[in-house]
file upload_25.cif (mmCIF, C-alpha atoms)
data_model
#
loop_
_atom_site.label_atom_id
_atom_site.label_comp_id
_atom_site.auth_asym_id
_atom_site.auth_seq_id
_atom_site.Cartn_x
_atom_site.Cartn_y
_atom_site.Cartn_z
CA MET A 14 -8.03 11.78 -48.81
CA GLN A 15 -4.71 11.62 -46.96
CA THR A 16 -4.54 13.26 -43.55
CA GLN A 17 -1.62 14.26 -41.34
CA PHE A 18 -2.98 14.18 -37.80
CA THR A 19 -0.52 13.43 -34.99
CA GLU A 20 -0.94 10.52 -32.60
CA SER A 21 -1.80 12.91 -29.80
CA GLN A 22 -4.52 14.49 -31.94
CA LEU A 23 -5.98 11.10 -32.85
CA ALA A 24 -6.17 10.25 -29.16
CA LEU A 25 -9.06 12.74 -29.00
CA PRO A 26 -12.29 10.92 -29.95
CA ALA A 27 -13.78 13.86 -31.85
CA LEU A 28 -10.66 14.33 -33.98
CA ALA A 29 -10.34 10.59 -34.55
CA GLN A 30 -13.87 10.56 -35.90
CA ALA A 31 -13.19 13.62 -38.07
CA ASN A 32 -10.10 11.88 -39.43
CA GLU A 33 -12.16 8.83 -40.44
CA VAL A 34 -14.67 11.04 -42.26
CA LEU A 35 -11.96 13.02 -44.05
CA ARG A 36 -10.19 9.88 -45.23
CA THR A 37 -13.44 8.61 -46.75
CA CYS A 38 -13.57 11.48 -49.28
CA VAL A 39 -12.19 10.45 -52.70
CA HIS A 40 -12.16 13.97 -54.26
CA CYS A 41 -14.64 12.91 -56.97
CA GLY A 42 -16.51 16.22 -56.96
CA LEU A 43 -19.96 14.76 -57.60
CA CYS A 44 -21.19 16.74 -54.60
CA LEU A 45 -20.58 20.01 -56.45
CA ALA A 46 -23.49 19.38 -58.81
CA THR A 47 -26.04 19.18 -56.00
CA CYS A 48 -24.69 21.84 -53.64
CA PRO A 49 -26.96 24.92 -53.61
CA THR A 50 -24.30 27.39 -52.49
CA TYR A 51 -21.82 26.22 -55.13
CA ALA A 52 -24.54 26.51 -57.77
CA ILE A 53 -25.11 30.14 -56.80
CA LEU A 54 -21.57 31.30 -55.97
CA GLY A 55 -19.39 29.09 -58.19
CA ASP A 56 -16.63 29.09 -55.55
CA GLU A 57 -15.37 25.62 -54.69
CA ARG A 58 -14.77 26.75 -51.13
CA ASP A 59 -18.56 27.00 -50.99
CA SER A 60 -18.97 23.36 -52.02
CA PRO A 61 -18.80 20.27 -49.80
CA ARG A 62 -15.45 19.19 -51.25
CA GLY A 63 -13.98 22.66 -50.77
CA ARG A 64 -15.27 22.90 -47.22
CA ILE A 65 -13.82 19.48 -46.45
CA TYR A 66 -10.38 20.75 -47.49
CA LEU A 67 -10.80 23.86 -45.35
CA ILE A 68 -11.87 21.78 -42.35
CA LYS A 69 -9.00 19.34 -42.86
CA ASP A 70 -6.38 22.09 -42.88
CA MET A 71 -7.88 23.82 -39.86
CA LEU A 72 -8.09 20.66 -37.75
CA GLU A 73 -4.72 19.21 -38.79
CA GLN A 74 -2.95 22.42 -37.87
CA ASP A 75 -4.90 22.58 -34.61
CA ALA A 76 -5.39 26.20 -35.57
CA PRO A 77 -8.03 28.70 -34.52
CA ALA A 78 -10.63 29.35 -37.18
CA ASP A 79 -10.12 32.47 -39.25
CA ALA A 80 -12.48 34.77 -41.12
CA THR A 81 -12.16 32.87 -44.42
CA VAL A 82 -12.93 29.42 -43.01
CA THR A 83 -15.75 30.83 -40.90
CA ARG A 84 -17.34 32.57 -43.88
CA HIS A 85 -17.40 29.45 -46.05
CA ILE A 86 -18.58 27.11 -43.28
CA ASP A 87 -21.28 29.61 -42.27
CA ARG A 88 -22.55 29.59 -45.85
CA CYS A 89 -23.18 25.84 -45.68
CA LEU A 90 -26.89 25.11 -45.36
CA SER A 91 -26.38 21.62 -43.91
CA CYS A 92 -29.01 20.55 -46.42
CA LEU A 93 -27.12 17.22 -46.74
CA SER A 94 -27.85 16.94 -50.46
CA CYS A 95 -24.16 16.13 -50.84
CA MET A 96 -24.59 13.06 -48.63
CA THR A 97 -27.37 11.76 -50.86
CA THR A 98 -25.09 12.25 -53.88
CA CYS A 99 -21.78 11.04 -52.43
CA PRO A 100 -20.77 7.57 -53.75
CA ALA A 101 -18.20 7.15 -50.97
CA GLY A 102 -20.61 7.73 -48.09
CA VAL A 103 -18.75 10.69 -46.57
CA ASP A 104 -20.38 11.63 -43.25
CA TYR A 105 -20.38 15.33 -44.03
CA MET A 106 -23.14 16.10 -41.52
CA HIS A 107 -21.06 15.26 -38.47
CA LEU A 108 -17.88 16.70 -39.95
CA VAL A 109 -19.37 20.14 -40.58
CA ASP A 110 -21.03 20.10 -37.14
CA HIS A 111 -17.62 19.44 -35.58
CA ALA A 112 -16.15 22.30 -37.61
CA ARG A 113 -18.89 24.66 -36.42
CA GLY A 114 -18.13 23.78 -32.82
CA HIS A 115 -14.42 24.42 -33.42
CA ILE A 116 -15.23 27.79 -34.96
CA GLU A 117 -17.36 28.86 -32.02
CA ARG A 118 -14.61 27.87 -29.57
CA THR A 119 -11.74 29.55 -31.42
CA TRP A 120 -13.09 32.46 -33.49
CA LYS A 121 -14.44 35.68 -32.00
CA ARG A 122 -17.21 36.95 -34.21
CA PRO A 123 -18.07 40.66 -34.54
CA LEU A 124 -20.20 41.94 -31.68
CA VAL A 125 -23.44 42.37 -33.65
CA GLU A 126 -23.14 38.90 -35.14
CA ARG A 127 -22.51 37.37 -31.71
CA ALA A 128 -25.54 39.19 -30.35
CA ILE A 129 -27.83 37.93 -33.13
CA ARG A 130 -26.67 34.33 -32.80
CA THR A 131 -27.08 34.43 -29.02
CA LEU A 132 -30.55 35.93 -29.39
CA LEU A 133 -31.60 33.15 -31.74
CA SER A 134 -30.10 30.42 -29.56
CA VAL A 135 -31.72 31.71 -26.38
CA VAL A 136 -35.13 32.88 -27.61
CA LEU A 137 -36.29 30.51 -30.36
CA PRO A 138 -36.09 27.24 -28.37
CA ARG A 139 -38.41 28.69 -25.69
CA PRO A 140 -41.99 29.16 -26.96
CA GLY A 141 -42.99 31.49 -24.12
CA LEU A 142 -39.97 33.73 -24.63
CA ALA A 143 -40.38 33.59 -28.41
CA ARG A 144 -43.99 34.78 -28.09
CA LEU A 145 -42.93 37.69 -25.93
CA ALA A 146 -40.08 38.58 -28.29
CA LEU A 147 -42.38 38.56 -31.33
CA LEU A 148 -44.92 40.67 -29.50
CA ALA A 149 -42.28 43.19 -28.46
CA ALA A 150 -40.93 43.37 -32.01
CA ARG A 151 -44.33 43.85 -33.65
CA GLY A 152 -43.86 47.62 -33.94
CA PRO A 153 -40.30 47.58 -35.29
CA ALA A 154 -41.34 44.81 -37.71
CA LEU A 155 -43.26 47.44 -39.69
CA LEU A 156 -39.89 48.74 -40.81
CA ALA A 157 -38.86 45.39 -42.33
CA PRO A 158 -39.43 46.51 -45.96
CA LEU A 159 -36.99 49.36 -45.39
CA VAL A 160 -34.24 47.33 -43.74
CA GLY A 161 -31.90 44.87 -45.42
CA GLY A 162 -29.46 42.25 -44.20
CA ARG A 163 -29.83 40.18 -41.06
CA LEU A 164 -31.81 42.79 -39.19
CA GLY A 165 -34.34 42.94 -42.00
CA ALA A 166 -34.65 39.15 -41.96
CA LEU A 167 -35.28 39.17 -38.21
CA LEU A 168 -37.88 41.89 -38.55
CA ARG A 169 -39.68 39.97 -41.30
CA LEU A 170 -39.93 36.97 -38.99
CA ALA A 171 -41.21 39.23 -36.20
CA GLY A 172 -43.93 40.46 -38.54
CA ARG A 173 -45.49 37.02 -38.89
CA PRO A 174 -48.59 36.22 -36.81
CA SER A 175 -47.82 34.45 -33.54
CA HIS A 176 -50.19 32.36 -31.46
CA GLY A 177 -50.79 31.71 -27.80
CA PRO A 178 -50.26 28.26 -26.25
CA SER A 179 -52.23 25.47 -27.91
CA TRP A 180 -54.11 22.76 -26.03
CA VAL A 181 -51.64 20.27 -27.54
CA GLU A 182 -48.73 21.77 -25.60
CA ARG A 183 -50.14 20.71 -22.21
CA PRO A 184 -48.72 17.44 -20.77
CA GLN A 185 -51.46 14.87 -21.30
CA VAL A 186 -52.52 11.53 -22.72
CA ILE A 187 -54.95 11.72 -25.63
CA PRO A 188 -56.78 8.42 -26.17
CA ALA A 189 -57.04 6.64 -29.49
CA GLN A 190 -60.35 6.59 -31.28
CA GLY A 191 -61.52 2.98 -31.36
CA ARG A 192 -59.00 0.17 -30.93
CA ARG A 193 -55.57 1.33 -29.86
CA ARG A 194 -53.01 0.31 -32.46
CA LYS A 195 -49.99 2.31 -31.25
CA ARG A 196 -48.89 4.40 -28.30
CA VAL A 197 -46.77 7.34 -29.43
CA ALA A 198 -45.22 10.39 -27.81
CA LEU A 199 -45.35 13.76 -29.59
CA LEU A 200 -42.44 16.18 -29.71
CA THR A 201 -44.37 19.45 -29.74
CA GLY A 202 -41.27 21.49 -30.65
CA CYS A 203 -40.62 25.15 -30.01
CA VAL A 204 -40.90 27.73 -32.81
CA GLN A 205 -43.60 25.72 -34.56
CA CYS A 206 -45.86 26.05 -31.51
CA VAL A 207 -45.64 29.83 -31.80
CA LEU A 208 -45.97 30.23 -35.56
CA ALA A 209 -48.27 27.34 -36.51
CA PRO A 210 -49.92 25.48 -33.60
CA GLU A 211 -52.42 24.04 -36.07
CA ILE A 212 -49.77 21.57 -37.26
CA ASN A 213 -49.51 19.64 -33.98
CA GLU A 214 -53.27 19.91 -33.51
CA ALA A 215 -53.83 18.29 -36.91
CA ALA A 216 -51.22 15.62 -36.13
CA VAL A 217 -52.96 14.64 -32.90
CA ARG A 218 -56.34 14.45 -34.61
CA VAL A 219 -55.17 12.28 -37.50
CA LEU A 220 -53.05 10.03 -35.26
CA THR A 221 -55.84 9.39 -32.75
CA ARG A 222 -58.31 8.93 -35.61
CA HIS A 223 -56.11 6.09 -36.89
CA GLY A 224 -55.72 4.29 -33.58
CA CYS A 225 -52.82 6.04 -31.82
CA GLU A 226 -52.81 6.97 -28.18
CA VAL A 227 -50.81 10.20 -28.13
CA VAL A 228 -48.73 11.22 -25.13
CA VAL A 229 -47.44 14.74 -24.61
CA PRO A 230 -44.86 14.17 -21.84
CA ARG A 231 -43.99 16.74 -19.23
CA GLY A 232 -40.55 18.29 -19.68
CA ALA A 233 -39.92 17.62 -23.38
CA GLY A 234 -38.40 20.91 -24.53
CA CYS A 235 -36.31 21.86 -27.52
CA CYS A 236 -34.58 18.98 -29.32
CA GLY A 237 -31.34 21.01 -29.41
CA ALA A 238 -31.02 21.24 -33.19
CA LEU A 239 -31.04 25.01 -33.41
CA SER A 240 -28.23 25.57 -30.89
CA HIS A 241 -26.25 22.58 -32.14
CA HIS A 242 -26.18 23.79 -35.72
CA LEU A 243 -25.17 27.26 -34.57
CA GLY A 244 -22.05 25.62 -33.14
CA ASP A 245 -23.20 26.02 -29.52
CA GLU A 246 -22.39 22.41 -28.70
CA GLN A 247 -22.77 22.71 -24.95
CA ARG A 248 -26.25 24.22 -25.09
CA GLY A 249 -27.38 21.88 -27.87
CA ARG A 250 -26.24 18.73 -26.04
CA ALA A 251 -27.81 19.92 -22.79
CA GLN A 252 -31.16 20.44 -24.52
CA ALA A 253 -30.88 17.09 -26.29
CA GLY A 254 -30.00 15.33 -23.02
CA ARG A 255 -33.04 16.73 -21.22
CA THR A 256 -35.37 15.82 -24.07
CA ALA A 257 -33.90 12.32 -24.36
CA ALA A 258 -34.33 11.75 -20.63
CA THR A 259 -37.97 12.89 -20.82
CA PHE A 260 -38.91 10.50 -23.61
CA ALA A 261 -36.91 7.61 -22.16
CA ARG A 262 -38.76 8.06 -18.86
CA GLU A 263 -42.11 7.99 -20.67
CA ALA A 264 -41.08 4.87 -22.59
CA ALA A 265 -40.14 3.14 -19.33
CA GLN A 266 -43.38 4.08 -17.60
CA GLY A 267 -45.98 3.41 -20.26
CA GLY A 268 -44.18 1.98 -23.28
CA LEU A 269 -43.87 3.73 -26.63
CA ASP A 270 -44.09 2.51 -30.20
CA ALA A 271 -42.68 5.76 -31.58
CA ILE A 272 -41.65 9.30 -30.78
CA VAL A 273 -43.30 11.47 -33.41
CA ALA A 274 -41.89 14.71 -34.82
CA THR A 275 -43.96 16.97 -37.07
CA ALA A 276 -40.98 19.20 -37.91
CA SER A 277 -38.53 17.20 -40.01
CA GLY A 278 -35.56 19.23 -38.76
CA CYS A 279 -36.38 18.11 -35.22
CA GLY A 280 -36.94 14.53 -36.37
CA THR A 281 -33.50 14.40 -37.98
CA MET A 282 -31.99 15.63 -34.72
CA LEU A 283 -33.85 13.03 -32.63
CA LYS A 284 -32.65 10.26 -34.92
CA ASP A 285 -29.07 11.44 -34.36
CA TYR A 286 -29.26 11.37 -30.54
CA GLY A 287 -27.43 8.05 -30.44
CA HIS A 288 -24.40 9.72 -31.99
CA LEU A 289 -24.77 13.12 -30.35
CA LEU A 290 -25.05 11.75 -26.80
CA LYS A 291 -22.82 8.68 -27.08
CA ASP A 292 -20.14 10.17 -24.83
CA ASP A 293 -22.62 11.57 -22.30
CA GLU A 294 -22.46 9.23 -19.31
CA THR A 295 -25.84 10.45 -18.05
CA HIS A 296 -27.83 10.42 -21.29
CA ALA A 297 -26.09 8.01 -23.68
CA GLU A 298 -28.54 5.16 -23.10
CA ALA A 299 -31.58 7.44 -23.33
CA GLY A 300 -30.17 9.03 -26.48
CA ALA A 301 -29.79 5.68 -28.21
CA GLN A 302 -33.30 4.65 -27.16
CA VAL A 303 -34.87 7.87 -28.44
CA ALA A 304 -32.95 7.64 -31.72
CA GLY A 305 -34.39 4.17 -32.25
CA LEU A 306 -37.96 5.30 -31.54
CA ALA A 307 -37.92 8.61 -33.44
CA ARG A 308 -40.23 8.81 -36.45
CA ASP A 309 -41.49 11.53 -38.72
CA VAL A 310 -45.27 11.77 -38.57
CA SER A 311 -45.42 10.61 -42.20
CA GLU A 312 -43.61 7.38 -41.29
CA VAL A 313 -46.14 6.52 -38.60
CA LEU A 314 -49.11 7.35 -40.79
CA ASP A 315 -47.61 5.33 -43.63
CA GLU A 316 -47.38 2.32 -41.29
CA LEU A 317 -50.97 2.82 -40.15
CA GLY A 318 -52.34 3.30 -43.65
CA VAL A 319 -54.29 6.49 -44.38
CA SER A 320 -56.93 6.90 -47.03
CA GLY A 321 -59.40 9.68 -47.62
CA SER A 322 -63.09 9.59 -48.36
CA ALA A 323 -64.45 8.61 -51.75
CA THR A 324 -64.61 12.31 -52.62
CA PRO A 325 -61.37 14.19 -51.81
CA PRO A 326 -61.78 17.58 -50.10
CA THR A 327 -60.32 19.41 -53.10
CA ASN A 328 -59.35 18.79 -56.69
CA ALA A 329 -56.80 21.59 -56.57
CA PRO A 330 -53.32 20.24 -57.39
CA VAL A 331 -50.81 20.16 -54.54
CA ALA A 332 -47.09 20.80 -55.01
CA TYR A 333 -45.17 18.72 -52.50
CA HIS A 334 -41.94 20.30 -51.25
CA SER A 335 -39.59 17.67 -49.84
CA ALA A 336 -37.68 19.29 -46.99
CA CYS A 337 -33.93 18.62 -47.02
CA SER A 338 -34.06 17.30 -43.46
CA LEU A 339 -36.66 14.78 -44.61
CA GLN A 340 -35.32 13.63 -47.99
CA HIS A 341 -31.59 13.89 -47.23
CA GLY A 342 -31.45 13.79 -43.44
CA GLN A 343 -33.98 10.99 -42.91
CA LYS A 344 -34.10 9.48 -46.41
CA LEU A 345 -37.88 9.90 -46.52
CA ASP A 346 -39.34 11.09 -49.79
CA ARG A 347 -41.91 8.51 -50.90
CA GLN A 348 -44.10 8.39 -47.81
CA PRO A 349 -45.52 11.94 -47.73
CA MET A 350 -46.38 11.97 -51.43
CA ALA A 351 -47.86 8.48 -51.25
CA LEU A 352 -50.00 9.48 -48.27
CA LEU A 353 -51.30 12.58 -50.02
CA ALA A 354 -52.13 10.58 -53.15
CA ALA A 355 -53.87 7.87 -51.11
CA ALA A 356 -55.94 10.56 -49.39
CA GLY A 357 -57.21 11.71 -52.80
CA PHE A 358 -55.02 14.73 -53.52
CA THR A 359 -53.51 15.41 -56.92
CA VAL A 360 -49.79 15.66 -56.12
CA ARG A 361 -47.25 17.40 -58.33
CA THR A 362 -43.50 16.96 -57.93
CA VAL A 363 -41.37 20.09 -57.74
CA PRO A 364 -38.51 20.21 -60.32
CA ASP A 365 -35.02 20.17 -58.81
CA GLY A 366 -36.62 19.08 -55.57
CA HIS A 367 -33.24 18.16 -54.10
CA PHE A 368 -32.32 21.86 -53.96
CA CYS A 369 -32.76 23.57 -50.59
CA CYS A 370 -35.35 26.34 -50.20
CA GLY A 371 -32.90 28.37 -48.10
CA SER A 372 -34.58 28.01 -44.71
CA ALA A 373 -32.10 25.62 -43.06
CA GLY A 374 -32.94 26.41 -39.45
CA THR A 375 -31.70 29.95 -38.82
CA TYR A 376 -29.88 30.24 -42.17
CA ASN A 377 -32.50 32.54 -43.69
CA MET A 378 -31.84 34.99 -40.85
CA LEU A 379 -28.05 34.68 -40.79
CA GLN A 380 -27.45 34.45 -44.55
CA PRO A 381 -30.45 36.39 -45.91
CA ASP A 382 -29.05 37.16 -49.37
CA LEU A 383 -28.24 33.54 -50.25
CA ALA A 384 -31.42 32.33 -48.58
CA GLY A 385 -33.45 34.85 -50.53
CA GLU A 386 -32.03 33.68 -53.84
CA LEU A 387 -32.71 30.05 -52.96
CA GLY A 388 -36.22 30.89 -51.75
CA ALA A 389 -37.06 32.71 -54.97
CA ARG A 390 -35.70 29.80 -57.00
CA LYS A 391 -37.78 27.29 -55.04
CA ALA A 392 -40.93 29.40 -55.32
CA ALA A 393 -40.50 29.71 -59.09
CA ALA A 394 -40.12 25.93 -59.40
CA ILE A 395 -43.25 25.38 -57.30
CA GLU A 396 -45.34 27.89 -59.23
CA GLY A 397 -44.15 26.31 -62.47
CA THR A 398 -45.99 23.11 -61.56
CA GLY A 399 -49.33 24.91 -61.82
CA ALA A 400 -50.28 23.81 -58.32
CA ALA A 401 -52.79 25.78 -56.27
CA LEU A 402 -51.18 25.10 -52.90
CA VAL A 403 -47.97 23.79 -51.36
CA ALA A 404 -47.47 20.99 -48.84
CA ALA A 405 -44.29 20.58 -46.80
CA GLY A 406 -43.17 18.69 -43.71
CA ASN A 407 -41.06 21.30 -41.94
CA ILE A 408 -42.09 24.62 -40.39
CA GLY A 409 -38.87 26.35 -41.48
CA CYS A 410 -39.50 25.47 -45.12
CA MET A 411 -43.12 26.59 -44.80
CA VAL A 412 -42.13 30.03 -43.50
CA GLN A 413 -39.38 30.41 -46.11
CA ILE A 414 -41.52 29.40 -49.09
CA ALA A 415 -44.47 31.50 -47.93
CA GLY A 416 -42.19 34.52 -48.04
CA HIS A 417 -41.60 34.05 -51.78
CA THR A 418 -44.98 33.00 -53.15
CA THR A 419 -48.63 33.96 -52.84
CA LEU A 420 -49.67 30.29 -52.86
CA PRO A 421 -50.89 29.00 -49.49
CA VAL A 422 -48.39 26.72 -47.75
CA VAL A 423 -49.59 24.01 -45.38
CA HIS A 424 -48.10 21.06 -43.55
CA THR A 425 -48.66 17.64 -45.10
CA VAL A 426 -50.36 16.42 -41.93
CA GLU A 427 -52.91 19.25 -42.14
CA LEU A 428 -54.04 17.98 -45.54
CA LEU A 429 -54.18 14.39 -44.29
CA ASP A 430 -56.26 15.51 -41.30
CA TRP A 431 -58.61 17.43 -43.60
CA ALA A 432 -59.02 14.47 -45.94
CA THR A 433 -59.89 12.11 -43.09
CA GLY A 434 -62.50 14.22 -41.31
CA GLY A 435 -60.62 17.18 -39.81
CA PRO A 436 -61.13 20.90 -40.46
CA ARG A 437 -59.92 22.82 -43.47
CA PRO A 438 -56.34 24.06 -42.84
CA PRO A 439 -56.42 27.75 -41.79
CA ALA A 440 -54.02 28.75 -44.58
CA LEU A 441 -56.59 27.60 -47.16
CA GLU A 442 -59.43 29.80 -45.95
CA ARG A 443 -58.58 32.44 -48.55
CA LEU A 444 -58.18 29.93 -51.40
CA ALA A 445 -61.44 30.09 -53.36
CA VAL A 446 -60.82 27.00 -55.49
CA VAL A 447 -60.92 24.68 -52.48
#
call {"tool": "encode", "arguments": {"input": "upload_25.cif", "output": "structure tokens"}}
result
Amino acid sequence: MQTQFTESQLALPALAQANEVLRTCVHCGLCLATCPTYAILGDERDSPRGRIYLIKDMLEQDAPADATVTRHIDRCLSCLSCMTTCPAGVDYMHLVDHARGHIERTWKRPLVERAIRTLLSVVLPRPGLARLALLAARGPALLAPLVGGRLGALLRLAGRPSHGPSWVERPQVIPAQGRRRKRVALLTGCVQCVLAPEINEAAVRVLTRHGCEVVVPRGAGCCGALSHHLGDEQRGRAQAGRTAATFAREAAQGGLDAIVATASGCGTMLKDYGHLLKDDETHAEAGAQVAGLARDVSEVLDELGVSGSATPPTNAPVAYHSACSLQHGQKLDRQPMALLAAAGFTVRTVPDGHFCCGSAGTYNMLQPDLAGELGARKAAAIEGTGAALVAAGNIGCMVQIAGHTTLPVVHTVELLDWATGGPRPPALERLAVV
């Protein structure tokens, strides 16, 4: 793709990088076939190629974003399926993130929309505040079936059960069982702690059971992904910098073999710290170190080797949903399914598994109509496998899918914990067949 940036524009590092990405695109259009929003809307401006043209024009003209550009960029899920498909290796992820930052700096959104985005950016990364917000919204959440749009989506989230602080959230060192094989730090996350603390609890049990000393460092907060993908670059980088500094300090003091994420969206963000913080004089080195150590929990368990007992805990077939942030963002698809199979589970692949479920961070709250259509499509594909339960590696996907199916949805690590001596996942208590 030809670009027309001026020399003064290219002197800006962010624009110079955007220019390199834009010039990589060869207009082939293969990305259209795997883009969920293009599949639904049929508008090329809602495809990766169309958005690239919109971004190019906006940046070249050094123009403020307008309502049209904002609408089509906002509709992007950042599922990154296009990057898996692209034969030219276009770095769409960083290009669209740059465009979102430009939009937030130059476009004034309607008041209600600004309020919702600020609420999400401020509340969700703070587990204590999120618990209070969900508690306060418990009454209004009863009205969710009567309310549509973004408010309805927020109320549906508020209607989900929330949990108090888990023992895993406390700063601590949890010793390995038997010989120590690895020393790892756990990113406990933010929203996941409130909605499903059992995920991190299961991760700690299965990691220590397989020889990992698990460290929960003091001061590791939100990874910054939520704010960053909302276009709030300053807040997102600040959160990422603090988290990077925390893990780098722990690595210097006690040594680390890995930094483990149980939410694949967070893991993708950690692995991008080297790029995100490269121009941060204070945190660039820590960011690169954390990016090199970051691992999804399935990667670590795959390295350790996990196998279940001779008799698996259930014969019920499991549909494995491969989160976009795992299969496209981190290029991990084999490991979770292989681990589940090795632990004795009957695993079924979901048709059109490359298609996003519609969660995409806060997307299901900001774009509820599109997210709802994608969620229903994903649930139908899952139920078509004949599986009795669903496994996924990302809390956002779990919440989204659970809203469109009656099948129980659990994290992959919960099943692996169960198969290797841990308790039955809470979501399966009502499932008679297991």
call {"tool": "residues_around", "arguments": {"input": "upload_25.cif", "residues": "Cys99 (chain A)", "least_positions_apart": "3", "cutoff": "9 Å", "atoms": "only C-alpha atoms", "output": "PyMOL selection string"}}
result
chain A and resi 38+41-44+94-96+102-103
call {"tool": "closest_atom_pairs", "arguments": {"input": "upload_25.cif", "of": "region 90-173 of chain A", "to": "region 177-195 of chain A", "cutoff": "9 Å", "atoms": "all atoms listed in the file", "output": "JSON lines"}}
result
{"residue": "A:Pro140", "atom": "CA", "partner": "A:Pro178", "partner_atom": "CA", "distance": 8.3}
{"residue": "A:Gly141", "atom": "CA", "partner": "A:Pro178", "partner_atom": "CA", "distance": 8.2}
{"residue": "A:Arg144", "atom": "CA", "partner": "A:Gly177", "partner_atom": "CA", "distance": 7.5}
call {"tool": "closest_residue", "arguments": {"input": "upload_25.cif", "among": "A:Ile116, A:Ala265, A:Ala384, A:Val331", "to": "Phe358 (chain A)", "atoms": "all atoms listed in the file"}}
result
A:Val331
call {"tool": "closest_residue", "arguments": {"input": "upload_25.cif", "among": "A:Arg231, A:Arg222, A:His288, A:Arg163", "to": "Leu379 (chain A)", "atoms": "only C-alpha atoms"}}
result
A:Arg163
call {"tool": "atom_distance", "arguments": {"input": "upload_25.cif", "atom1": "CA of Ala46 (chain A)", "atom2": "CA of Ser60 (chain A)"}}
result
9.1 Å
call {"tool": "closest_residue", "arguments": {"input": "upload_25.cif", "among": "A:Thr19, A:Thr295, A:Asn377, A:Gln252", "to": "Gly237 (chain A)", "atoms": "all atoms listed in the file"}}
result
A:Gln252
call {"tool": "resolve_selection", "arguments": {"input": "upload_25.cif", "expression": "the PyMOL selection byres ((chain A and resi 330) around 7)", "output": "ChimeraX atom specification"}}
result
/A:328-329,331-332,358-361,400-402
call {"tool": "resolve_selection", "arguments": {"input": "upload_25.cif", "expression": "the PyMOL selection byres ((chain A and resi 197-200) around 6)", "output": "VMD selection string"}}
result
chain A and resid 196 201 to 202 227 to 229 269 to 274
call {"tool": "closest_residue", "arguments": {"input": "upload_25.cif", "among": "A:Ala276, A:Ala355, A:Cys203, A:Ala78", "to": "Leu142 (chain A)", "atoms": "only C-alpha atoms"}}
result
A:Cys203
call {"tool": "residues_around", "arguments": {"input": "upload_25.cif", "residues": "Ser21 (chain A)", "least_positions_apart": "5", "cutoff": "12 Å", "atoms": "only C-alpha atoms", "output": "PyMOL selection string"}}
result
chain A and resi 26+28-29+73+75
call {"tool": "atom_distance", "arguments": {"input": "upload_25.cif", "atom1": "CA of Ala356 (chain A)", "atom2": "CA of Ser311 (chain A)"}}
result
12.7 Å
